[in-house]
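What's in query_20.txt: compact mmCIF, C-alpha atoms and all ligand atoms
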# COMPACT_ATOMS: atom_id res chain seq x y z
CA MET A 726 29.54 10.20 -14.94
CA ALA A 727 28.26 9.32 -11.49
CA LYS A 728 27.86 12.12 -8.94
CA LYS A 729 29.49 11.65 -5.56
CA ILE A 730 26.30 12.47 -3.72
CA VAL A 731 22.71 13.31 -4.56
CA ILE A 732 20.21 14.57 -2.01
CA ILE A 733 16.50 14.18 -2.73
CA GLY A 734 14.49 16.82 -0.86
CA SER A 735 14.94 20.50 -0.11
CA GLY A 736 13.46 21.05 3.34
CA PRO A 737 15.65 21.73 6.39
CA ALA A 738 17.00 18.14 6.35
CA GLY A 739 18.01 18.10 2.68
CA LEU A 740 19.46 21.61 2.74
CA THR A 741 21.46 20.99 5.91
CA ALA A 742 22.83 17.81 4.32
CA ALA A 743 23.71 19.93 1.27
CA ILE A 744 25.54 22.58 3.34
CA TYR A 745 27.64 19.92 5.07
CA THR A 746 28.44 17.82 2.00
CA ALA A 747 29.16 20.93 -0.09
CA ARG A 748 31.57 22.23 2.54
CA ALA A 749 33.24 18.81 2.49
CA GLY A 750 33.90 19.30 -1.25
CA LEU A 751 31.51 16.58 -2.39
CA GLN A 752 29.69 18.84 -4.91
CA PRO A 753 26.21 17.65 -3.93
CA VAL A 754 23.22 17.76 -6.26
CA VAL A 755 19.92 18.56 -4.54
CA ILE A 756 16.75 17.38 -6.24
CA GLU A 757 14.39 20.03 -4.92
CA GLY A 758 11.19 18.29 -5.95
CA PHE A 759 7.78 19.84 -5.69
CA MET A 760 5.82 16.76 -4.69
CA LYS A 761 3.51 16.67 -7.68
CA GLY A 762 2.16 20.19 -7.63
CA GLY A 763 3.32 21.26 -4.20
CA GLN A 764 6.43 23.36 -3.87
CA ALA A 765 10.14 22.96 -3.25
CA GLY A 766 11.40 23.69 0.24
CA GLY A 767 9.11 21.38 2.18
CA GLN A 768 6.59 22.16 4.86
CA LEU A 769 8.29 25.32 6.14
CA MET A 770 7.22 26.96 2.88
CA THR A 771 3.65 26.85 4.18
CA THR A 772 4.46 28.16 7.65
CA THR A 773 4.36 31.76 8.75
CA GLU A 774 6.37 32.61 11.83
CA VAL A 775 8.88 30.01 13.10
CA GLU A 776 9.61 30.91 16.69
CA ASN A 777 11.46 27.83 17.82
CA PHE A 778 14.37 27.55 15.39
CA PRO A 779 17.45 28.46 17.47
CA GLY A 780 19.36 31.54 16.37
CA PHE A 781 16.36 33.73 15.58
CA PRO A 782 15.32 35.42 18.82
CA GLU A 783 12.57 37.39 17.09
CA GLY A 784 11.40 34.40 15.00
CA ILE A 785 11.74 34.02 11.23
CA ASP A 786 9.34 33.43 8.37
CA GLY A 787 9.34 29.77 7.23
CA PRO A 788 10.02 30.55 3.54
CA MET A 789 12.75 33.01 4.55
CA LEU A 790 14.44 30.36 6.70
CA ILE A 791 14.42 27.94 3.75
CA ALA A 792 15.67 30.64 1.35
CA ASN A 793 18.59 31.34 3.71
CA MET A 794 19.49 27.64 4.01
CA ARG A 795 19.34 27.27 0.23
CA LYS A 796 21.62 30.29 -0.27
CA GLN A 797 24.06 28.86 2.24
CA ALA A 798 24.14 25.51 0.40
CA GLU A 799 24.54 27.28 -2.95
CA ARG A 800 27.45 29.36 -1.64
CA PHE A 801 29.50 26.19 -1.10
CA GLY A 802 28.76 24.82 -4.57
CA THR A 803 25.52 22.84 -4.32
CA GLU A 804 23.78 22.21 -7.64
CA PHE A 805 19.96 22.34 -7.59
CA ILE A 806 17.54 20.53 -9.89
CA LEU A 807 13.84 21.39 -9.63
CA GLU A 808 12.15 18.11 -10.53
CA ASP A 809 10.35 15.20 -8.89
CA ILE A 810 12.00 11.79 -8.95
CA ASP A 811 9.78 8.84 -9.92
CA ARG A 812 12.12 5.88 -9.64
CA VAL A 813 15.15 4.77 -7.67
CA ASP A 814 17.26 1.73 -8.51
CA PHE A 815 19.55 0.47 -5.78
CA SER A 816 20.13 -2.96 -7.33
CA SER A 817 23.55 -2.01 -8.70
CA LYS A 818 26.22 0.62 -8.04
CA PRO A 819 26.34 3.49 -8.73
CA PHE A 820 22.68 3.92 -7.81
CA THR A 821 20.36 5.52 -10.34
CA ILE A 822 17.45 7.86 -9.76
CA SER A 823 15.20 8.94 -12.58
CA ASN A 824 12.08 10.57 -13.94
CA SER A 825 10.70 10.79 -17.46
CA SER A 826 13.25 13.41 -18.51
CA ARG A 827 16.51 12.30 -16.87
CA THR A 828 18.50 9.61 -15.09
CA LEU A 829 21.21 10.49 -12.60
CA ALA A 830 23.85 8.08 -11.31
CA THR A 831 25.32 8.61 -7.87
CA HIS A 832 27.66 6.78 -5.49
CA ALA A 833 25.85 7.93 -2.33
CA LEU A 834 22.29 9.10 -1.84
CA ILE A 835 20.53 11.00 0.92
CA LEU A 836 16.74 10.73 1.05
CA ALA A 837 15.12 13.78 2.66
CA THR A 838 11.70 13.74 1.02
CA GLY A 839 9.67 14.69 4.10
CA ALA A 840 5.99 14.05 4.63
CA SER A 841 2.74 15.37 3.09
CA ALA A 842 -0.48 16.54 4.66
CA ARG A 843 -3.31 13.97 4.90
CA ILE A 844 -6.77 14.84 3.61
CA LEU A 845 -10.22 13.54 4.63
CA ASP A 846 -11.52 10.66 2.57
CA LEU A 847 -14.85 12.24 1.52
CA PRO A 848 -16.02 12.76 -2.10
CA SER A 849 -17.08 16.30 -1.18
CA VAL A 850 -13.45 17.13 -0.35
CA LYS A 851 -12.70 16.84 -4.08
CA THR A 852 -15.87 18.75 -5.02
CA PHE A 853 -14.95 21.75 -2.88
CA TRP A 854 -11.16 21.58 -3.13
CA GLY A 855 -10.03 25.14 -3.84
CA LYS A 856 -13.63 26.29 -3.31
CA GLY A 857 -13.28 26.51 0.43
CA VAL A 858 -11.48 23.24 1.24
CA SER A 859 -7.73 23.39 1.78
CA ALA A 860 -4.96 21.58 3.65
CA CYS A 861 -2.90 24.68 4.23
CA ALA A 862 -4.17 27.58 6.29
CA THR A 863 -0.98 29.55 5.89
CA CYS A 864 -1.21 29.28 2.08
CA ASP A 865 -4.92 30.00 1.66
CA GLY A 866 -6.22 31.49 4.92
CA ALA A 867 -5.79 35.11 3.85
CA LEU A 868 -7.85 34.69 0.65
CA PRO A 869 -10.75 37.14 0.32
CA ILE A 870 -13.38 34.35 0.39
CA PHE A 871 -12.52 33.63 4.03
CA ARG A 872 -12.47 37.24 5.28
CA ASN A 873 -14.92 37.81 8.12
CA GLN A 874 -16.50 34.39 7.49
CA GLN A 875 -17.00 31.42 9.78
CA ILE A 876 -14.48 28.70 8.86
CA ALA A 877 -13.60 25.26 10.25
CA VAL A 878 -10.40 23.38 11.01
CA ILE A 879 -10.30 19.63 11.59
CA GLY A 880 -7.72 17.89 13.79
CA GLY A 881 -6.53 17.76 17.39
CA GLY A 882 -2.75 18.06 17.07
CA ASP A 883 -0.42 21.05 17.19
CA SER A 884 -1.05 21.78 13.51
CA ALA A 885 -4.82 22.06 14.00
CA ILE A 886 -4.41 24.43 16.93
CA GLU A 887 -1.77 26.46 15.14
CA GLU A 888 -3.91 26.75 12.01
CA ALA A 889 -7.08 27.59 13.96
CA THR A 890 -5.24 30.31 15.86
CA PHE A 891 -3.72 31.69 12.66
CA LEU A 892 -7.11 31.74 10.91
CA THR A 893 -8.66 33.90 13.64
CA ARG A 894 -6.71 36.78 12.02
CA PHE A 895 -9.08 36.64 9.05
CA ALA A 896 -12.22 34.75 10.02
CA SER A 897 -15.14 36.01 12.06
CA LYS A 898 -15.06 32.67 13.92
CA VAL A 899 -13.11 29.39 13.68
CA LEU A 900 -14.75 26.06 14.48
CA LEU A 901 -12.18 23.51 15.64
CA VAL A 902 -13.62 20.06 14.93
CA HIS A 903 -11.92 17.13 16.66
CA ARG A 904 -12.96 13.49 16.82
CA ARG A 905 -12.11 13.16 20.55
CA LYS A 906 -12.23 15.30 23.71
CA GLU A 907 -8.52 15.00 24.43
CA PHE A 908 -6.11 16.90 22.24
CA ARG A 909 -2.81 15.56 21.01
CA ALA A 910 -1.48 19.12 20.87
CA SER A 911 0.91 20.44 23.52
CA ARG A 912 -0.69 21.97 26.60
CA ALA A 913 0.66 25.45 25.75
CA MET A 914 -0.93 25.34 22.28
CA GLN A 915 -4.23 24.03 23.68
CA ASN A 916 -4.40 26.82 26.23
CA ARG A 917 -3.84 29.36 23.50
CA ALA A 918 -6.82 27.98 21.57
CA PHE A 919 -9.11 27.62 24.58
CA GLU A 920 -8.41 31.22 25.58
CA ASN A 921 -9.13 32.57 22.09
CA PRO A 922 -12.70 33.92 22.00
CA LYS A 923 -12.85 33.45 18.22
CA ILE A 924 -12.30 29.66 18.43
CA GLN A 925 -15.26 27.36 19.14
CA MET A 926 -14.49 23.70 19.93
CA ILE A 927 -16.67 21.00 18.40
CA LEU A 928 -15.45 17.88 20.17
CA ASP A 929 -16.12 14.14 19.83
CA SER A 930 -17.22 14.95 16.29
CA VAL A 931 -16.42 13.79 12.79
CA ILE A 932 -17.20 15.57 9.54
CA GLU A 933 -19.72 13.59 7.53
CA GLU A 934 -20.23 15.97 4.65
CA ILE A 935 -19.16 19.26 3.16
CA TYR A 936 -21.98 21.00 1.32
CA GLY A 937 -22.50 24.05 -0.87
CA SER A 938 -23.12 25.01 -4.47
CA GLN A 939 -20.40 26.96 -6.33
CA LEU A 940 -18.41 27.40 -3.12
CA MET A 941 -18.62 25.38 0.07
CA GLU A 942 -21.28 26.67 2.41
CA GLY A 943 -21.04 24.42 5.44
CA ILE A 944 -20.15 21.15 7.14
CA ARG A 945 -22.32 18.41 8.58
CA THR A 946 -20.86 16.79 11.68
CA LYS A 947 -21.78 13.68 13.64
CA ASN A 948 -21.19 13.41 17.35
CA ALA A 949 -19.24 10.18 17.87
CA ILE A 950 -20.92 9.54 21.24
CA THR A 951 -24.53 10.67 20.83
CA GLY A 952 -24.81 10.22 17.06
CA GLU A 953 -26.31 13.71 16.84
CA ILE A 954 -26.00 15.35 13.41
CA SER A 955 -25.32 19.10 13.26
CA ASP A 956 -24.93 21.61 10.44
CA TYR A 957 -22.47 24.47 10.70
CA PRO A 958 -22.47 27.12 7.99
CA CYS A 959 -18.88 27.92 7.04
CA ARG A 960 -16.98 29.15 4.01
CA GLY A 961 -13.82 27.16 4.55
CA LEU A 962 -12.55 23.84 5.87
CA PHE A 963 -8.85 23.45 6.62
CA MET A 964 -7.51 19.96 7.20
CA ALA A 965 -4.82 19.43 9.82
CA ILE A 966 -5.04 15.69 10.36
CA GLY A 967 -1.43 14.61 10.16
CA HIS A 968 1.01 13.56 7.50
CA THR A 969 2.11 10.69 5.27
CA PRO A 970 5.80 10.11 4.52
CA ASN A 971 6.78 10.78 0.89
CA THR A 972 8.14 7.34 0.11
CA ALA A 973 5.75 6.01 -2.55
CA PHE A 974 8.41 6.12 -5.29
CA MET A 975 10.92 4.13 -3.21
CA GLN A 976 8.62 1.23 -2.19
CA GLY A 977 10.47 -2.06 -2.55
CA ALA A 978 13.87 -0.38 -2.96
CA LEU A 979 14.66 -0.20 0.75
CA GLU A 980 13.09 -1.05 4.12
CA LEU A 981 10.15 1.07 5.27
CA ASP A 982 8.17 0.70 8.50
CA GLU A 983 4.47 -0.17 8.60
CA LYS A 984 3.49 3.52 8.18
CA GLY A 985 5.86 4.00 5.23
CA TYR A 986 8.65 5.87 7.07
CA ILE A 987 12.20 4.88 6.04
CA LYS A 988 13.89 2.64 8.60
CA VAL A 989 17.35 3.78 9.66
CA ARG A 990 19.89 2.16 11.97
CA HIS A 991 19.65 4.62 14.86
CA PRO A 992 21.66 6.55 15.91
CA SER A 993 23.09 6.54 12.39
CA THR A 994 21.09 7.57 9.31
CA ALA A 995 22.09 4.45 7.36
CA THR A 996 19.15 2.74 5.65
CA SER A 997 18.86 -0.94 4.75
CA VAL A 998 20.84 -0.19 1.55
CA GLU A 999 24.53 0.50 2.04
CA GLY A 1000 25.38 3.96 0.69
CA VAL A 1001 21.80 5.25 1.01
CA PHE A 1002 21.08 7.50 3.98
CA ALA A 1003 17.86 9.16 5.12
CA CYS A 1004 16.99 12.14 7.30
CA GLY A 1005 14.24 14.56 8.29
CA ASP A 1006 10.51 13.89 8.54
CA VAL A 1007 10.73 10.90 6.21
CA ILE A 1008 12.41 8.96 9.07
CA ASP A 1009 10.68 10.73 11.94
CA PRO A 1010 7.00 10.25 12.77
CA HIS A 1011 7.65 11.52 16.28
CA TYR A 1012 9.41 14.90 16.60
CA ARG A 1013 8.83 16.37 13.11
CA GLN A 1014 10.42 19.71 13.89
CA ALA A 1015 12.48 21.85 11.52
CA ILE A 1016 15.39 21.76 13.94
CA SER A 1017 15.30 17.98 14.43
CA ALA A 1018 15.09 17.54 10.64
CA ALA A 1019 18.11 19.83 10.22
CA GLY A 1020 19.90 17.81 12.91
CA THR A 1021 19.41 14.49 11.15
CA GLY A 1022 20.32 16.21 7.86
CA CYS A 1023 23.70 16.99 9.39
CA SER A 1024 24.05 13.38 10.61
CA ALA A 1025 23.20 12.00 7.15
CA ALA A 1026 25.81 14.25 5.53
CA LEU A 1027 28.52 13.10 7.94
CA ASP A 1028 27.47 9.45 7.59
CA ALA A 1029 27.53 9.70 3.79
CA GLU A 1030 30.86 11.53 3.75
CA ARG A 1031 32.49 8.86 5.94
CA TRP A 1032 30.97 6.07 3.85
CA LEU A 1033 32.30 7.62 0.62
CA GLN A 1034 35.76 7.99 2.16
CA ALA A 1035 35.77 4.43 3.50
CA ASN A 1036 34.88 3.18 0.01
CA ASN A 1037 37.41 5.42 -1.77
CA LEU A 1038 34.62 7.24 -3.55
CA GLY A 1039 34.91 10.64 -1.84
P1 LIG B 1101 -0.74 14.80 14.58
O1 LIG B 1101 -0.54 13.45 13.99
O2 LIG B 1101 -0.07 15.18 15.84
O3 LIG B 1101 -2.29 15.06 14.78
C1 LIG B 1101 -3.23 14.70 13.80
C2 LIG B 1101 -4.61 14.98 14.36
O4 LIG B 1101 -5.57 14.70 13.35
C3 LIG B 1101 -4.94 14.10 15.56
O5 LIG B 1101 -5.59 14.85 16.54
C4 LIG B 1101 -5.85 13.03 14.96
O6 LIG B 1101 -6.84 12.61 15.87
C5 LIG B 1101 -6.54 13.78 13.83
N1 LIG B 1101 -6.89 12.91 12.73
C6 LIG B 1101 -6.11 12.05 12.03
N2 LIG B 1101 -6.80 11.44 11.06
C7 LIG B 1101 -8.07 11.91 11.16
C8 LIG B 1101 -9.25 11.67 10.42
N3 LIG B 1101 -9.28 10.82 9.40
N4 LIG B 1101 -10.39 12.32 10.79
C9 LIG B 1101 -10.36 13.20 11.82
N5 LIG B 1101 -9.27 13.49 12.54
C10 LIG B 1101 -8.13 12.85 12.21
O7 LIG B 1101 -0.34 15.80 13.39
P2 LIG B 1101 0.07 17.34 13.45
O8 LIG B 1101 0.24 17.68 12.03
O9 LIG B 1101 -0.84 18.14 14.26
O10 LIG B 1101 1.49 17.34 14.17
C11 LIG B 1101 2.56 16.56 13.66
C12 LIG B 1101 3.82 16.82 14.48
O11 LIG B 1101 4.27 18.16 14.23
C13 LIG B 1101 3.59 16.70 15.96
O12 LIG B 1101 4.71 16.10 16.53
C14 LIG B 1101 3.47 18.15 16.41
O13 LIG B 1101 3.88 18.33 17.75
C15 LIG B 1101 4.40 18.88 15.45
N6 LIG B 1101 3.97 20.30 15.26
C16 LIG B 1101 4.51 21.25 16.06
C17 LIG B 1101 4.15 22.57 15.93
C18 LIG B 1101 4.79 23.58 16.81
O14 LIG B 1101 5.46 23.20 17.74
N7 LIG B 1101 4.63 24.86 16.55
C19 LIG B 1101 3.15 23.01 14.93
C20 LIG B 1101 2.62 21.92 14.16
C21 LIG B 1101 3.02 20.62 14.32
P3 LIG B 1101 -6.48 11.70 17.16
O15 LIG B 1101 -5.82 12.61 18.12
O16 LIG B 1101 -7.80 11.19 17.59
O17 LIG B 1101 -5.57 10.62 16.62
Taking this structure as input, can you express it in the form of structure tokens?
Amino acid sequence: MAKKIVIIGSGPAGLTAAIYTARAGLQPVVIEGFMKGGQAGGQLMTTTEVENFPGFPEGIDGPMLIANMRKQAERFGTEFILEDIDRVDFSSKPFTISNSSRTLATHALILATGASARILDLPSVKTFWGKGVSACATCDGALPIFRNQQIAVIGGGDSAIEEATFLTRFASKVLLVHRRKEFRASRAMQNRAFENPKIQMILDSVIEEIYGSQLMEGIRTKNAITGEISDYPCRGLFMAIGHTPNTAFMQGALELDEKGYIKVRHPSTATSVEGVFACGDVIDPHYRQAISAAGTGCSAALDAERWLQANNLG
């Protein structure tokens, strides 16, 4: 039998949509997903302190915030399934979503699959992945191999600055490598990094190579202006170079923009397929905040609820 509503994604957007649709009596099913080896709960699961989510004057741990949202959704009757979805079929109603072990039919669908961290396109990234190279400072930064070592972060956005600052807790020194002089990060974050004596900026520079033997031992950079090549010994390299929306499995099923984000009819969360709604980072290359994702999660729930009612399916 078809479900009334299925939500794919379990970050702040998906869980907020679950809380709202569960309270509306729609018995939502949340496909938590773990993005092929990642983990359920989205990007907040790899964050330490969240200081800007309203309602927590002292801040809250990212995983704790997600655990609380999940509990709240569960309390109102949300069902959770921990699996990735490989295929969606919107060509007939009810819609179907499936993977190798199951197919679910649903009248309405909310896509809240978020975005994933980008990694540098260098063969040595694969060679030293897990041997010093990582895309998540909050997951791996405290590992013993990085203690009191020099480590590097690449990127010039808020993530890079946040990760570099976080890593100064463990490292003897953090090299912040950025391909330009100007940072994309907010002024407040930049100031924090510039004032930190443990952070050294390596600007106008790209990473050409990561080298080492069993573990990574350093990076080779090239100055984009002078062409000068430099070697920096370091035990770790953390990538913070942006994100890609998690929409690969829905290509061709609905309209995406040129970067792969789902197109919605602002201010609503309706996608190009009637009955399919989208929210969170998968529709938002701009703000990408937990609170804005939760906000659009609420909108998607209300949009879906109204659509189900209007079609006598709720
Ligand atoms: P951004 O897209 O903002 O920044 C990505 C950075 O990586 C840019 O500086 C970019 O350089 C650089 N970059 C991209 N590709 C490459 C490459 N191939 N080689 C070298 N450098 C590369 O991503 P973030 O993850 O930093 O931030 C995403 C959003 O999340 C932003 O809106 C940000 O404000 C928000 N955020 C907020 C936080 C907070 O408020 N606490 C914390 C973290 C993120 P260039 O600048 O030259 O394009």
key: Contacts of segment 738-746 of chain A within 8 Å, only C-alpha atoms, excl. fewer than 6 positions in-chain, as a ChimeraX atom specification   = /A:732,752-755,794-795,797-799,801,803,835-838,1004-1005,1015,1018-1027,1030
Counting all atoms listed in the file, give me one row per residue of chain A with an atom at most 7 Å from an atom of ligand LIG 1101 (chain B), showing the shortest contact pair and its distance in Å to one decimal, sorted by chain then residue number, as a tab-separated table.
residue	atom	partner	partner_atom	distance
A:Leu845	CA	B:LIG1101	N3	5.6
A:Ile879	CA	B:LIG1101	N5	6.3
A:Gly880	CA	B:LIG1101	O4	3.9
A:Gly881	CA	B:LIG1101	O5	3.2
A:Gly882	CA	B:LIG1101	O9	3.4
A:Asp883	CA	B:LIG1101	O9	4.2
A:Ser884	CA	B:LIG1101	O9	3.7
A:Ala885	CA	B:LIG1101	O9	5.6
A:Glu887	CA	B:LIG1101	C19	6.0
A:His903	CA	B:LIG1101	N5	6.1
A:Arg904	CA	B:LIG1101	C9	5.6
A:Arg905	CA	B:LIG1101	O16	5.6
A:Phe908	CA	B:LIG1101	O15	6.0
A:Arg909	CA	B:LIG1101	O15	5.1
A:Ala910	CA	B:LIG1101	O13	6.3
A:Ser911	CA	B:LIG1101	O13	6.8
A:Val931	CA	B:LIG1101	C9	6.2
A:Ala965	CA	B:LIG1101	O8	5.8
A:Ile966	CA	B:LIG1101	O4	3.2
A:Gly967	CA	B:LIG1101	O7	3.6
A:His968	CA	B:LIG1101	O8	6.2
A:His1011	CA	B:LIG1101	O12	5.4
A:Tyr1012	CA	B:LIG1101	O12	4.9
A:Arg1013	CA	B:LIG1101	O11	5.0
A:Gln1014	CA	B:LIG1101	C15	6.3
Pull C-alpha atoms from the residues just selected and write them as an mmCIF file, keeping the file's coordinate frame.
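Produced file result-v7.cif, reproduced below:
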data_model
loop_
_atom_site.group_PDB
_atom_site.id
_atom_site.type_symbol
_atom_site.label_atom_id
_atom_site.label_comp_id
_atom_site.auth_asym_id
_atom_site.auth_seq_id
_atom_site.Cartn_x
_atom_site.Cartn_y
_atom_site.Cartn_z
ATOM 1 C CA LEU A 845 -10.220 13.540 4.630
ATOM 2 C CA ILE A 879 -10.300 19.630 11.590
ATOM 3 C CA GLY A 880 -7.720 17.890 13.790
ATOM 4 C CA GLY A 881 -6.530 17.760 17.390
ATOM 5 C CA GLY A 882 -2.750 18.060 17.070
ATOM 6 C CA ASP A 883 -0.420 21.050 17.190
ATOM 7 C CA SER A 884 -1.050 21.780 13.510
ATOM 8 C CA ALA A 885 -4.820 22.060 14.000
ATOM 9 C CA GLU A 887 -1.770 26.460 15.140
ATOM 10 C CA HIS A 903 -11.920 17.130 16.660
ATOM 11 C CA ARG A 904 -12.960 13.490 16.820
ATOM 12 C CA ARG A 905 -12.110 13.160 20.550
ATOM 13 C CA PHE A 908 -6.110 16.900 22.240
ATOM 14 C CA ARG A 909 -2.810 15.560 21.010
ATOM 15 C CA ALA A 910 -1.480 19.120 20.870
ATOM 16 C CA SER A 911 0.910 20.440 23.520
ATOM 17 C CA VAL A 931 -16.420 13.790 12.790
ATOM 18 C CA ALA A 965 -4.820 19.430 9.820
ATOM 19 C CA ILE A 966 -5.040 15.690 10.360
ATOM 20 C CA GLY A 967 -1.430 14.610 10.160
ATOM 21 C CA HIS A 968 1.010 13.560 7.500
ATOM 22 C CA HIS A 1011 7.650 11.520 16.280
ATOM 23 C CA TYR A 1012 9.410 14.900 16.600
ATOM 24 C CA ARG A 1013 8.830 16.370 13.110
ATOM 25 C CA GLN A 1014 10.420 19.710 13.890
#
request  = Grab the atom CA of Leu981 of chain A to atom CA of Gln764 of chain A distance for me, in Å with one decimal place.
outcome  = 24.4 Å
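Computed from the coordinates, the atom CA of Ala877 of chain A to atom CA of Leu900 of chain A distance equals 4.5 Å.
Minimum atom-to-atom distance to Gly750 of chain A, evaluated using all atoms listed in the file, belongs to A:Arg800 out of A:Arg960, A:Phe815, A:Arg800, A:Leu868.
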Residue among A:Pro992, A:Gln768, A:Ile822, A:Asp1009 lying closest to Met975 of chain A, counting all atoms listed in the file = A:Ile822
query = Quick one, how far is atom CA of Val813 of chain A from atom CA of Val989 of chain A?
reply = 17.5 Å
query = Using only C-alpha atoms, what residues lie at most 10 Å away from (-21.4, 24.5, 0.3) (file coordinates), given as a ChimeraX atom specification?
reply = /A:849,852-853,856-857,934-944,958-961
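Nearest residue to Thr946 of chain A, choosing from A:Thr890, A:Glu983, A:Ile924, A:Val902 and counting only C-alpha atoms: A:Val902.
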query = Within 8 Å of Ile810 of chain A, counting all atoms listed in the file, which residues qualify if same-chain residues fewer than 5 places away don't, as JSON, numbers by chain?
reply = {"A": [756, 758, 822, 823, 824, 974]}
query = Around (-11.8, 38.0, 11.1) in the file's frame, which residues reach within 12 Å when counting all atoms listed in the file? Return as a PyMOL selection string?
reply = chain A and resi 866-876+889-899+922-924
Grab the residues selected above and save them as a CSV table (one decimal), in the coordinates of the input with C-alpha atoms.
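File produced: part.csv:
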chain,number,residue,atom,x,y,z
A,866,GLY,CA,-6.2,31.5,4.9
A,867,ALA,CA,-5.8,35.1,3.8
A,868,LEU,CA,-7.8,34.7,0.6
A,869,PRO,CA,-10.8,37.1,0.3
A,870,ILE,CA,-13.4,34.4,0.4
A,871,PHE,CA,-12.5,33.6,4.0
A,872,ARG,CA,-12.5,37.2,5.3
A,873,ASN,CA,-14.9,37.8,8.1
A,874,GLN,CA,-16.5,34.4,7.5
A,875,GLN,CA,-17.0,31.4,9.8
A,876,ILE,CA,-14.5,28.7,8.9
A,889,ALA,CA,-7.1,27.6,14.0
A,890,THR,CA,-5.2,30.3,15.9
A,891,PHE,CA,-3.7,31.7,12.7
A,892,LEU,CA,-7.1,31.7,10.9
A,893,THR,CA,-8.7,33.9,13.6
A,894,ARG,CA,-6.7,36.8,12.0
A,895,PHE,CA,-9.1,36.6,9.0
A,896,ALA,CA,-12.2,34.8,10.0
A,897,SER,CA,-15.1,36.0,12.1
A,898,LYS,CA,-15.1,32.7,13.9
A,899,VAL,CA,-13.1,29.4,13.7
A,922,PRO,CA,-12.7,33.9,22.0
A,923,LYS,CA,-12.8,33.4,18.2
A,924,ILE,CA,-12.3,29.7,18.4
Could the centre and edge lengths of an axis-aligned box, enclosing all atoms of segment 886-889 of chain A in the file with 6 Å extra on each side, be given in Å to one decimal as JSON?
{"center_x": -4.4, "center_y": 26.0, "center_z": 14.5, "size_x": 17.3, "size_y": 15.2, "size_z": 16.9}
inquiry  = Measuring between all atoms listed in the file, which one of A:Arg912, A:Gly952, A:Pro737, A:Ser826 shows the shortest distance to Val1007 of chain A?
reply    = A:Pro737
